[in-house]
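**Q** My structure file start-v5.cif, mmCIF, C-alpha atoms and all ligand atoms, is below:
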data_protein
#
loop_
_atom_site.label_atom_id
_atom_site.label_comp_id
_atom_site.auth_asym_id
_atom_site.auth_seq_id
_atom_site.Cartn_x
_atom_site.Cartn_y
_atom_site.Cartn_z
CA MET I 1 0.00 0.00 0.00
CA HIS I 2 1.56 3.30 -1.00
CA GLY I 3 -0.48 5.75 1.05
CA PHE I 4 -1.37 7.71 -2.05
CA LYS I 5 -3.75 6.46 -4.73
CA ALA I 6 -3.06 8.57 -7.83
CA MET I 7 -0.54 10.78 -9.59
CA ILE I 8 -1.88 13.79 -11.50
CA PHE I 9 0.47 15.16 -14.17
CA ASP I 10 0.60 18.53 -15.84
CA VAL I 11 1.72 18.20 -19.49
CA ASP I 12 3.58 21.17 -20.95
CA GLY I 13 6.94 21.60 -19.29
CA THR I 14 6.37 18.57 -17.03
CA VAL I 15 5.84 15.50 -19.23
CA ALA I 16 7.81 17.09 -22.07
CA ASP I 17 9.62 20.37 -22.66
CA THR I 18 7.06 21.51 -25.22
CA GLU I 19 7.04 25.28 -25.03
CA ARG I 20 10.17 26.91 -26.48
CA ASP I 21 10.73 24.48 -29.38
CA GLY I 22 7.18 23.16 -29.78
CA HIS I 23 4.26 25.48 -29.11
CA ARG I 24 6.31 28.62 -29.82
CA PRO I 25 7.35 27.74 -33.43
CA ALA I 26 3.81 26.47 -34.02
CA PHE I 27 2.43 29.88 -33.06
CA ASN I 28 4.98 31.59 -35.35
CA ALA I 29 4.09 29.27 -38.24
CA ALA I 30 0.40 30.14 -37.83
CA PHE I 31 1.17 33.87 -37.81
CA ALA I 32 3.23 33.52 -41.01
CA GLU I 33 0.50 31.40 -42.62
CA VAL I 34 -2.00 34.25 -42.41
CA GLY I 35 0.52 36.93 -43.36
CA LEU I 36 1.02 38.46 -39.91
CA ASP I 37 4.48 39.86 -39.21
CA TRP I 38 4.29 38.72 -35.57
CA HIS I 39 7.26 36.70 -34.31
CA TRP I 40 7.50 35.36 -30.76
CA ASP I 41 11.21 34.83 -29.99
CA ALA I 42 12.21 32.63 -27.05
CA SER I 43 12.53 35.59 -24.72
CA LEU I 44 9.18 37.19 -25.54
CA TYR I 45 7.50 33.78 -25.37
CA GLY I 46 8.86 33.34 -21.85
CA GLU I 47 7.01 36.52 -20.87
CA LEU I 48 3.83 35.44 -22.67
CA LEU I 49 3.84 32.14 -20.75
CA ALA I 50 2.56 34.17 -17.82
CA VAL I 51 -0.83 33.54 -19.45
CA THR I 52 -1.92 29.94 -19.85
CA GLY I 53 -3.98 28.80 -22.81
CA GLY I 54 -2.95 29.42 -26.41
CA LYS I 55 -6.00 31.51 -27.31
CA GLU I 56 -5.65 33.54 -24.12
CA ARG I 57 -1.93 34.00 -24.86
CA ILE I 58 -2.67 35.42 -28.33
CA ARG I 59 -5.11 37.94 -26.82
CA TYR I 60 -2.60 38.83 -24.12
CA PHE I 61 0.06 39.48 -26.78
CA MET I 62 -2.30 41.66 -28.80
CA THR I 63 -3.22 43.71 -25.74
CA ARG I 64 0.42 44.14 -24.70
CA ALA I 65 1.39 45.13 -28.24
CA GLY I 66 -1.60 47.47 -28.63
CA ILE I 67 -2.80 45.54 -31.67
CA GLN I 68 -6.45 46.02 -32.55
CA LEU I 69 -8.43 44.51 -35.40
CA ASP I 70 -10.45 46.60 -37.84
CA GLN I 71 -13.88 47.40 -36.43
CA ASP I 72 -15.67 44.89 -38.65
CA ARG I 73 -13.41 41.95 -37.64
CA ASP I 74 -14.60 39.49 -34.99
CA LEU I 75 -11.79 39.09 -32.46
CA ASP I 76 -13.04 35.72 -31.14
CA ALA I 77 -13.17 34.28 -34.65
CA PHE I 78 -9.75 35.73 -35.50
CA VAL I 79 -8.12 34.26 -32.40
CA ALA I 80 -9.88 30.91 -32.80
CA ASP I 81 -8.71 30.66 -36.43
CA LEU I 82 -5.12 31.48 -35.50
CA HIS I 83 -5.19 28.94 -32.69
CA ARG I 84 -6.63 26.23 -34.93
CA ARG I 85 -3.78 26.81 -37.38
CA LYS I 86 -1.23 26.79 -34.56
CA THR I 87 -2.59 23.52 -33.22
CA ALA I 88 -2.30 21.93 -36.67
CA HIS I 89 1.38 22.89 -36.82
CA TYR I 90 1.98 21.64 -33.28
CA LEU I 91 0.27 18.31 -33.96
CA ALA I 92 2.44 17.88 -37.08
CA MET I 93 5.54 18.32 -34.90
CA LEU I 94 4.28 15.76 -32.41
CA ARG I 95 3.53 13.29 -35.23
CA LYS I 96 7.19 13.55 -36.25
CA GLY I 97 8.16 12.65 -32.70
CA ALA I 98 9.84 16.03 -32.45
CA ILE I 99 9.27 16.45 -28.71
CA PRO I 100 10.64 13.76 -26.39
CA PHE I 101 9.46 13.06 -22.85
CA ARG I 102 11.46 14.48 -19.98
CA PRO I 103 13.66 12.05 -17.97
CA GLY I 104 11.90 9.77 -15.52
CA VAL I 105 8.31 10.39 -16.67
CA MET I 106 7.76 7.07 -18.49
CA ARG I 107 9.70 5.16 -15.80
CA LEU I 108 7.47 6.62 -13.07
CA TRP I 109 4.29 5.92 -15.04
CA LYS I 110 5.38 2.28 -15.44
CA GLU I 111 6.18 2.04 -11.71
CA ALA I 112 2.74 3.48 -10.88
CA ARG I 113 0.97 0.99 -13.14
CA ALA I 114 2.88 -1.94 -11.69
CA ALA I 115 1.94 -0.77 -8.18
CA GLY I 116 -1.75 -0.18 -8.98
CA ILE I 117 -1.44 3.59 -8.53
CA ARG I 118 -3.85 5.46 -10.82
CA LEU I 119 -2.69 8.05 -13.37
CA ALA I 120 -4.37 11.29 -14.45
CA ILE I 121 -3.59 14.40 -16.46
CA ALA I 122 -4.60 17.97 -15.61
CA THR I 123 -3.45 20.40 -18.29
CA THR I 124 -4.32 23.71 -19.91
CA THR I 125 -3.32 22.54 -23.38
CA THR I 126 -5.71 21.38 -26.09
CA PRO I 127 -6.88 17.74 -25.67
CA GLU I 128 -5.70 16.76 -29.17
CA ASN I 129 -2.20 17.85 -28.19
CA VAL I 130 -2.24 15.46 -25.24
CA ALA I 131 -3.54 12.56 -27.33
CA GLU I 132 -0.85 13.08 -29.97
CA LEU I 133 1.96 13.49 -27.44
CA LEU I 134 0.96 10.22 -25.77
CA ALA I 135 0.49 8.48 -29.12
CA HIS I 136 4.09 9.17 -30.14
CA ALA I 137 5.86 8.24 -26.91
CA GLY I 138 6.78 4.76 -28.12
CA GLU I 139 4.32 2.98 -25.83
CA PRO I 140 1.26 1.44 -27.54
CA ARG I 141 -2.11 2.74 -26.24
CA LEU I 142 -0.38 4.91 -23.60
CA ALA I 143 -3.48 7.10 -23.26
CA ASP I 144 -5.32 4.05 -21.87
CA TRP I 145 -3.04 4.17 -18.82
CA PHE I 146 -4.87 7.32 -17.69
CA ASP I 147 -8.14 7.12 -15.77
CA VAL I 148 -8.63 10.85 -16.38
CA ILE I 149 -7.35 13.29 -19.00
CA ALA I 150 -8.62 16.77 -18.07
CA ALA I 151 -7.41 19.21 -20.72
CA GLY I 152 -8.02 22.62 -22.27
CA ASP I 153 -11.32 24.47 -22.46
CA VAL I 154 -13.31 21.99 -20.33
CA VAL I 155 -13.16 24.36 -17.36
CA PRO I 156 -14.25 28.02 -17.10
CA ALA I 157 -10.91 29.24 -15.73
CA LYS I 158 -7.46 27.91 -16.70
CA LYS I 159 -4.38 27.66 -14.48
CA PRO I 160 -3.50 29.26 -12.08
CA ALA I 161 -7.19 28.75 -11.24
CA PRO I 162 -7.70 25.35 -9.53
CA ASP I 163 -10.56 24.33 -11.84
CA ILE I 164 -8.73 21.73 -13.91
CA TYR I 165 -7.40 19.97 -10.80
CA HIS I 166 -10.84 20.07 -9.19
CA LEU I 167 -12.21 18.42 -12.34
CA ALA I 168 -9.48 15.76 -12.34
CA LEU I 169 -10.10 14.94 -8.66
CA GLU I 170 -13.86 14.80 -9.24
CA GLN I 171 -13.46 12.45 -12.20
CA LEU I 172 -10.99 10.31 -10.24
CA GLY I 173 -13.38 10.23 -7.29
CA LEU I 174 -10.45 10.87 -4.95
CA ASP I 175 -9.59 13.42 -2.28
CA ALA I 176 -6.66 15.74 -2.90
CA ALA I 177 -4.92 14.20 0.14
CA ASP I 178 -4.81 10.84 -1.65
CA CYS I 179 -3.00 12.24 -4.71
CA ILE I 180 0.35 13.66 -5.76
CA ALA I 181 0.52 16.42 -8.41
CA PHE I 182 3.42 17.02 -10.81
CA GLU I 183 3.95 20.50 -12.25
CA ASP I 184 6.64 22.75 -13.78
CA SER I 185 5.48 26.35 -13.31
CA ASP I 186 4.18 28.87 -10.82
CA ASN I 187 0.81 28.93 -12.58
CA GLY I 188 0.61 25.16 -12.33
CA ALA I 189 1.76 25.05 -8.73
CA ARG I 190 -0.87 27.62 -7.69
CA SER I 191 -3.56 25.67 -9.49
CA ALA I 192 -2.65 22.39 -7.77
CA LEU I 193 -2.13 23.91 -4.32
CA ASP I 194 -5.41 25.85 -4.49
CA ALA I 195 -7.16 22.59 -5.35
CA GLY I 196 -5.79 21.16 -2.08
CA LEU I 197 -2.94 19.14 -3.61
CA ALA I 198 -0.31 19.90 -0.97
CA CYS I 199 1.79 16.93 -2.09
CA LEU I 200 3.29 18.61 -5.15
CA VAL I 201 6.43 17.77 -7.11
CA ILE I 202 7.90 20.53 -9.27
CA THR I 203 10.32 19.77 -12.11
CA THR I 204 11.61 23.10 -13.32
CA ASN I 205 12.73 23.95 -16.85
CA ALA I 206 14.54 26.84 -18.51
CA TYR I 207 11.40 28.99 -18.44
CA THR I 208 10.33 28.22 -14.88
CA ALA I 209 13.54 27.84 -12.86
CA GLY I 210 13.45 30.34 -10.00
CA GLN I 211 9.69 30.93 -10.05
CA ASP I 212 7.74 30.86 -6.77
CA PHE I 213 6.10 27.48 -6.42
CA GLY I 214 4.01 28.37 -3.38
CA GLY I 215 5.93 26.25 -0.90
CA ALA I 216 5.88 23.03 -2.94
CA PRO I 217 7.60 20.36 -0.80
CA LEU I 218 9.80 18.92 -3.57
CA ILE I 219 11.43 21.07 -6.27
CA LEU I 220 14.02 19.59 -8.66
CA ASP I 221 15.31 20.07 -12.20
CA GLN I 222 13.90 16.73 -13.38
CA LEU I 223 12.49 13.43 -12.06
CA GLY I 224 15.81 11.74 -12.80
CA GLU I 225 16.63 8.12 -13.62
CA PRO I 226 18.47 5.54 -11.48
CA GLY I 227 22.13 6.50 -11.64
CA SER I 228 21.28 9.89 -13.11
CA PRO I 229 20.03 11.90 -10.12
CA PRO I 230 18.21 15.24 -10.40
CA ARG I 231 19.40 18.45 -8.80
CA VAL I 232 17.18 18.95 -5.74
CA ALA I 233 16.42 22.58 -4.86
CA VAL I 234 13.81 21.95 -2.13
CA GLY I 235 13.05 18.75 -0.21
CA ASP I 236 14.91 15.43 -0.46
CA LEU I 237 14.66 12.01 -2.07
CA GLY I 238 15.51 9.99 1.05
CA ARG I 239 17.20 6.72 0.12
CA SER I 240 16.30 7.11 -3.58
CA ASP I 241 18.54 8.72 -6.20
CA CYS I 242 15.62 9.78 -8.39
CA VAL I 243 11.88 10.43 -7.98
CA ASP I 244 10.59 6.87 -7.60
CA LEU I 245 7.70 5.35 -5.65
CA GLN I 246 9.76 5.10 -2.47
CA ALA I 247 10.68 8.81 -2.63
CA LEU I 248 7.04 9.71 -3.34
CA GLU I 249 5.82 7.52 -0.49
CA ASP I 250 8.18 9.30 1.92
CA LEU I 251 7.14 12.69 0.54
CA HIS I 252 3.43 11.92 0.83
CA ARG I 253 3.89 10.75 4.41
CA ARG I 254 5.88 13.87 5.36
CA VAL I 255 3.20 16.12 3.84
CA ARG I 256 0.41 14.31 5.68
CA VAL I 257 2.26 14.56 9.01
CA ALA I 258 2.96 18.26 8.40
CA SER I 259 -0.74 18.82 7.68
CA GLY I 260 -1.67 17.09 10.97
CA ALA I 261 -3.39 14.25 9.14
CA GLY I 262 -1.03 11.76 10.80
CA ALA I 263 1.29 9.34 9.01
C1 LIG T 301 0.58 24.94 -20.84
C2 LIG T 301 -0.26 25.97 -21.49
C3 LIG T 301 -0.82 25.68 -22.85
C4 LIG T 301 0.31 25.57 -23.86
C5 LIG T 301 -0.19 25.81 -25.27
O1 LIG T 301 -0.33 24.01 -20.33
O2 LIG T 301 -0.50 27.01 -20.91
O3 LIG T 301 -1.67 26.76 -23.19
O4 LIG T 301 1.26 26.59 -23.59
O5 LIG T 301 -1.20 24.88 -25.57
P1 LIG T 301 0.08 23.03 -19.08
P2 LIG T 301 -2.57 25.40 -26.24
O6 LIG T 301 1.41 23.50 -18.51
O7 LIG T 301 -1.07 23.19 -18.11
O8 LIG T 301 0.18 21.65 -19.67
O9 LIG T 301 -2.17 26.35 -27.34
O10 LIG T 301 -3.25 24.16 -26.74
O11 LIG T 301 -3.30 26.08 -25.12
MG MG T 302 3.09 23.16 -17.37
#
As a first step, turn the structure in this file into structure tokens.
Ligand code: XBP
Ligand code: MG

**A**
Amino acid sequence: MHGFKAMIFDVDGTVADTERDGHRPAFNAAFAEVGLDWHWDASLYGELLAVTGGKERIRYFMTRAGIQLDQDRDLDAFVADLHRRKTAHYLAMLRKGAIPFRPGVMRLWKEARAAGIRLAIATTTTPENVAELLAHAGEPRLADWFDVIAAGDVVPAKKPAPDIYHLALEQLGLDAADCIAFEDSDNGARSALDAGLACLVITTNAYTAGQDFGGAPLILDQLGEPGSPPRVAVGDLGRSDCVDLQALEDLHRRVRVASGAGA
């Protein structure tokens, strides 16, 4: 018995490093496709990541840049069209296997399955993006490993709002205290913590290193693999040299004790 019953994973930045070399060029390809001279370089994109959701990010960029459409243009339709084009480019990249998983993710999912621990996804990204990422990870029918895939516009408010984690917990039929969340960003951390997921593992990336993760109990640069340990910024892995079930068991117990729920 592992004390916790499910792992809930964020996708972008956590399962795979999708933003700088995945979503970002897909956005730029969509802009070029419709003849816009917009170009999101890596630095600007890092600032735009403050807003989750591709459609919301396009609007945020337009507001920041003071870009307004002609009076007779429908902004919603314009943004939706751009985002549809962007998603097509992103899916094409995924189909080429252009974006690998981060270290330790597949290993941990296999450990969870072997131990009867349930798996779920709670992400802001478009559901098709999740399906395609999982379909090209080299594991047949990987999406079937997940009891819940909560993604995209299915909730009224995206991260940092807790909505998507509330939905995942509801669909799992589990309490937050029985689950561990995995995130990469401050927006994601706030979403998970505000949904009551105090047992939170953060794997930072180039865009999120140094952000404030709201007191997350374990912050590292990756999940690691046996013999290839992560750099641990907050918390510890106990007797493990990577984030494995033993390390997660210890973490979950420490968080429960700290919350007064007992071991
Ligand atoms: C990250 C996001 C998404 C992606 C772009 O989601 O905020 O919006 O950047 O994907 P998470 P879409 O970290 O929660 O996985 O364009 O499909 O939104
Ligand atoms: Mg993320």

**Q** Let me see if you get this right: every residue at most 6 Å from ligand LIG 301 (chain T), counting all atoms listed in the file, written as a compact mmCIF listing (two decimals) with C-alpha atoms, in the coordinates of the input.

**A**
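File pocket.txt, as written:
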# COMPACT_ATOMS: atom_id res chain seq x y z
CA ASP I 10 0.60 18.53 -15.84
CA VAL I 11 1.72 18.20 -19.49
CA ASP I 12 3.58 21.17 -20.95
CA GLY I 13 6.94 21.60 -19.29
CA HIS I 23 4.26 25.48 -29.11
CA THR I 52 -1.92 29.94 -19.85
CA GLY I 53 -3.98 28.80 -22.81
CA GLY I 54 -2.95 29.42 -26.41
CA THR I 123 -3.45 20.40 -18.29
CA THR I 124 -4.32 23.71 -19.91
CA THR I 125 -3.32 22.54 -23.38
CA THR I 126 -5.71 21.38 -26.09

**Q** Excluding region 131-142 of chain I and any residue of its chain fewer than 2 positions from it, enumerate the residues within 6 Å of it, using all atoms listed in the file, and give them as a VMD selection string.

**A** chain I and resid 94 97 128 to 129 144 to 145

**Q** Give as a list in words the set of residues within 10 Å of the point (14.1, 3.1, -8.7), where distances use the file's coordinates and all atoms listed in the file.

**A**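 Checking each residue against the 10 Å limit leaves Gly104, Arg107, Leu108, Glu111, Gly224, Glu225, Pro226, Gly227, Ser240, Asp241, Cys242, Val243, Asp244, Leu245, Gln246 and Ala247 of chain I.
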
**Q** Could you check which of I:Met7, I:Ile121, I:Ala77, I:Leu218 is closest to ligand MG 302 (chain T), using all atoms listed in the file?

**A**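 Closest residue, counting all atoms listed in the file: I:Ile121.
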
**Q** Could you tell me how far CA of Phe9 (chain I) sits from CA of Asn205 (chain I), in Å to one decimal place?

**A**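 CA of Asn205 (chain I) sits 15.3 Å away from CA of Phe9 (chain I).
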
**Q** Kindly compile the residues surrounding ligand MG 302 (chain T) within 12 Å, counting all atoms listed in the file, and format them as a ChimeraX atom specification.

**A** /I:9-19,49-53,121-125,151,158-160,181-192,202-205,207-208

**Q** Could you state the separation of CA of Ala209 (chain I) and CA of Pro229 (chain I) in Å, given to one decimal place?

**A**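 Separation between CA of Ala209 (chain I) and CA of Pro229 (chain I): 17.4 Å.
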
**Q** Hey, can you check how far CA of Pro217 (chain I) sits from CA of Asp163 (chain I)?

**A**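 About the pair CA of Pro217 (chain I) and CA of Asp163 (chain I): they are 21.6 Å apart.
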
**Q** Between I:Gly66, I:Gly238, I:Val130, I:Leu248, which has the minimum distance to Arg95 (chain I) (counting only C-alpha atoms)?

**A**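 Closest to Arg95 (chain I) of all the choices is I:Val130.
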
**Q** Box along x, y and z, 8 Å on every side, all listed atoms of region 31-47 of chain I inside: centre and edge lengths in Å to one decimal, as lines of an AutoDock Vina configuration file.

**A**
center_x = 5.3
center_y = 35.6
center_z = -32.1
size_x = 30.5
size_y = 24.5
size_z = 38.5

**Q** Which residue out of I:Gly196, I:Asp175, I:Arg113, I:Tyr165 has the minimum interatomic distance to Phe146 (chain I) when only C-alpha atoms are used?

**A** I:Arg113

**Q** For Ala112 (chain I), which residue out of I:Ala233, I:Arg256, I:Phe4, I:Leu220 is the nearest one, using all atoms listed in the file?

**A**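 With all atoms listed in the file as the atom set, the closest residue is I:Phe4.
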
**Q** Nearest residue to Ala206 (chain I) out of I:Gly22, I:Glu33, I:Ala42, I:Ala168, using all atoms listed in the file?

**A**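 Using all atoms listed in the file, Ala206 (chain I) sits closest to I:Ala42.
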
**Q** Can you pull out every residue within 10 Å of Ala177 (chain I), counting only C-alpha atoms, but drop anything in the same chain fewer than 5 positions away, and send it as JSON, numbers by chain?

**A** {"I": [3, 4, 5, 6, 196, 197, 198, 199, 252, 255, 256, 259, 261]}

**Q** Which one is closest to Arg20 (chain I): I:Ala88, I:Ala143, I:Ile149, I:Leu44? Count all atoms listed in the file.

**A**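 Answer, going by the shortest atom-to-atom distance: I:Leu44.
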
**Q** Could you give me region 164-175 of chain I completed to all heavy atoms, formatted as a tab-separated table (two decimals), in the frame of the given file?

**A**
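What ended up in result-v9.tsv:
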chain	number	residue	atom	x	y	z
I	164	ILE	N	-9.07	22.96	-13.19
I	164	ILE	CA	-8.73	21.73	-13.91
I	164	ILE	C	-8.33	20.62	-12.93
I	164	ILE	O	-8.64	19.44	-13.16
I	164	ILE	CB	-7.63	22.00	-14.96
I	164	ILE	CG1	-7.58	20.87	-16.00
I	164	ILE	CG2	-6.28	22.23	-14.31
I	164	ILE	CD1	-8.71	20.89	-16.99
I	165	TYR	N	-7.72	21.00	-11.80
I	165	TYR	CA	-7.40	19.97	-10.80
I	165	TYR	C	-8.65	19.52	-10.05
I	165	TYR	O	-8.81	18.34	-9.73
I	165	TYR	CB	-6.32	20.49	-9.83
I	165	TYR	CG	-4.91	20.34	-10.38
I	165	TYR	CD1	-4.21	21.42	-10.88
I	165	TYR	CD2	-4.30	19.08	-10.43
I	165	TYR	CE1	-2.93	21.28	-11.40
I	165	TYR	CE2	-3.03	18.92	-10.96
I	165	TYR	CZ	-2.35	20.02	-11.44
I	165	TYR	OH	-1.09	19.87	-11.97
I	166	HIS	N	-9.56	20.46	-9.82
I	166	HIS	CA	-10.84	20.07	-9.19
I	166	HIS	C	-11.55	19.06	-10.09
I	166	HIS	O	-12.06	18.04	-9.63
I	166	HIS	CB	-11.74	21.30	-9.00
I	166	HIS	CG	-11.42	22.13	-7.78
I	166	HIS	ND1	-11.21	21.59	-6.53
I	166	HIS	CD2	-11.26	23.47	-7.64
I	166	HIS	CE1	-10.93	22.57	-5.66
I	166	HIS	NE2	-10.96	23.72	-6.32
I	167	LEU	N	-11.53	19.32	-11.39
I	167	LEU	CA	-12.21	18.42	-12.34
I	167	LEU	C	-11.54	17.05	-12.33
I	167	LEU	O	-12.20	16.01	-12.28
I	167	LEU	CB	-12.18	19.02	-13.74
I	167	LEU	CG	-12.79	18.16	-14.84
I	167	LEU	CD1	-14.30	17.96	-14.59
I	167	LEU	CD2	-12.57	18.78	-16.22
I	168	ALA	N	-10.21	17.04	-12.33
I	168	ALA	CA	-9.48	15.76	-12.34
I	168	ALA	C	-9.79	14.96	-11.07
I	168	ALA	O	-10.06	13.75	-11.14
I	168	ALA	CB	-7.99	16.01	-12.46
I	169	LEU	N	-9.80	15.63	-9.92
I	169	LEU	CA	-10.10	14.94	-8.66
I	169	LEU	C	-11.53	14.40	-8.66
I	169	LEU	O	-11.79	13.27	-8.24
I	169	LEU	CB	-9.90	15.90	-7.48
I	169	LEU	CG	-8.44	16.25	-7.14
I	169	LEU	CD1	-8.39	17.44	-6.17
I	169	LEU	CD2	-7.71	15.04	-6.56
I	170	GLU	N	-12.44	15.21	-9.18
I	170	GLU	CA	-13.86	14.80	-9.24
I	170	GLU	C	-14.01	13.57	-10.13
I	170	GLU	O	-14.65	12.58	-9.75
I	170	GLU	CB	-14.67	15.98	-9.79
I	170	GLU	CG	-16.16	15.77	-9.89
I	170	GLU	CD	-16.79	16.93	-10.70
I	170	GLU	OE1	-16.31	18.08	-10.57
I	170	GLU	OE2	-17.73	16.66	-11.48
I	171	GLN	N	-13.35	13.59	-11.27
I	171	GLN	CA	-13.46	12.45	-12.20
I	171	GLN	C	-12.72	11.22	-11.67
I	171	GLN	O	-13.12	10.08	-11.94
I	171	GLN	CB	-12.94	12.85	-13.58
I	171	GLN	CG	-13.83	13.89	-14.28
I	171	GLN	CD	-13.35	14.26	-15.67
I	171	GLN	OE1	-12.20	13.97	-16.05
I	171	GLN	NE2	-14.21	14.91	-16.45
I	172	LEU	N	-11.68	11.45	-10.87
I	172	LEU	CA	-10.99	10.31	-10.24
I	172	LEU	C	-11.80	9.75	-9.08
I	172	LEU	O	-11.66	8.59	-8.69
I	172	LEU	CB	-9.62	10.77	-9.71
I	172	LEU	CG	-8.47	10.88	-10.70
I	172	LEU	CD1	-7.31	11.66	-10.07
I	172	LEU	CD2	-8.01	9.51	-11.18
I	173	GLY	N	-12.63	10.63	-8.48
I	173	GLY	CA	-13.38	10.23	-7.29
I	173	GLY	C	-12.48	10.10	-6.08
I	173	GLY	O	-12.69	9.28	-5.19
I	174	LEU	N	-11.42	10.93	-6.06
I	174	LEU	CA	-10.45	10.87	-4.95
I	174	LEU	C	-10.35	12.23	-4.26
I	174	LEU	O	-10.63	13.27	-4.86
I	174	LEU	CB	-9.07	10.48	-5.49
I	174	LEU	CG	-8.93	9.05	-6.04
I	174	LEU	CD1	-7.54	8.87	-6.65
I	174	LEU	CD2	-9.19	8.01	-4.94
I	175	ASP	N	-9.90	12.19	-3.00
I	175	ASP	CA	-9.59	13.42	-2.28
I	175	ASP	C	-8.18	13.88	-2.67
I	175	ASP	O	-7.31	13.07	-2.95
I	175	ASP	CB	-9.60	13.18	-0.76
I	175	ASP	CG	-11.01	12.88	-0.26
I	175	ASP	OD1	-11.97	13.34	-0.91
I	175	ASP	OD2	-11.13	12.18	0.77
